[in-house]
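S.K.: Quick one: structure below, then a few questions.
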Amino acid sequence: MSSPLLKMQNVTHVYVTVSEAIKAIENINLSIAAGEFVSLVGPSGCGKTTVLSCLAGILQPTAGHVLLGDKPIKGPCRQVGYMLQADYLFAWRTILDNVLIGLEVMGQLRHETKKHAQFLLNELGLGDYKHVYPSQLSGGMRQRAALVRTLVTNPDILLLDEPFSALDYQTKLKLENLVFETLKKHGKSAVLVTHDIGEAIAMSDRIIVMDKHPGRIKRELIIPDHIRQARPFDAREAEGFYDLFRQIWKELDDDED
Ligand code: ADP
Ligand code: MG
């Protein structure tokens, strides 16, 4: 495997509020290789979003290090794209103008980058919807627009926090395929947080199961090659899929007190 692109070393994070200190994650060690797709699954409140926020540089962990290549991450940077669960498109901006926000914020809004944004919109089937407002689109289309906004700044690694959880099942399966193929085609790495065990198996090279109170890594599963290589839709039919499903289900079930 190539050297890790993004890495967490002994990361612990404690949220301090007026009334208490909550240890959200403890001693997390994690590395993501170039081109690798890793999913994080675990019960609600086990610290998945906290892990992503630390990887994105939005949150400085209480202890430990987050490294991009061999450099510490001190804040948000171009190489790491963060796509939040809610699509957070601005209602008063058109789809194109929403997609260009990332470029504006990064100071990269130029003729070529704008053309690239149009190219990605076309590629994800939104070419005809550039000039409409988010409220005129379906949930799946808004999620695609949010994905284009994340991709357009050309990050090496995408952090996806339950991007498909608000969608109906069919739209979700279609978007899984689309995201999977888009990331593979552009050679991106990804960390996906999901509640859906099937989705994690179908999309990933590796799955990390987390425990809660405090959030720790409980188990790591490597997905066999034939399942990895299949498109997510077909991966669900692949041999061994349900064995993996049951293993992860059991890990999560053991967690319920
Ligand atoms: P997950 O994404 O797995 O549901 P989170 O990372 O959101 O978990 O939360 C992990 C723990 O940290 C939970 O106990 C949650 O209540 C707590 N937490 C998350 N964000 C904050 C915050 N901003 N302030 C205080 N506690 C927080
Ligand atoms: Mg979360």
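Note on naming: chains are A, B, ... as they come in the structure tokens, residues start from 1 per chain, ligands start from 1 in the order shown.
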Report as an MDAnalysis selection string which protein, DNA and RNA residues come within 12 Å of ligand 1, using only C-alpha atoms and all ligand atoms.

M.R.: chainID A and resid 12:26 40:54 58:59 84:85 160:162 192:195 209:217

S.K.: List the spatial neighbours of Lys188 of chain A as a count of residues only - criterion: any atom at most 10 Å away, only C-alpha atoms, same-chain residues fewer than 2 positions off excluded.

M.R.: 18

S.K.: Tell me, as number ranges by chain, which residues lie within 8 Å of segment 237-242 of chain A, counting only C-alpha atoms; anything in the same chain fewer than 2 positions away does not count.

M.R.: A: 201, 226-227, 233-235, 244-246

S.K.: Mind pulling up the distance from atom CA of Asn29 of chain A to atom CA of Glu251 of chain A?

M.R.: 19.1 Å

S.K.: So which one's closest to Gly125 of chain A, A:Asn27, A:Ser39, A:Thr113, A:Gln143? Using only C-alpha atoms, please.

M.R.: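 Under the stated criterion, the closest residue is A:Gln143.
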
S.K.: Which value, in Å to one decimal, gives the distance between atom CA of His116 of chain A and atom CA of Ala202 of chain A?

M.R.: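 A separation of 28.8 Å between them.
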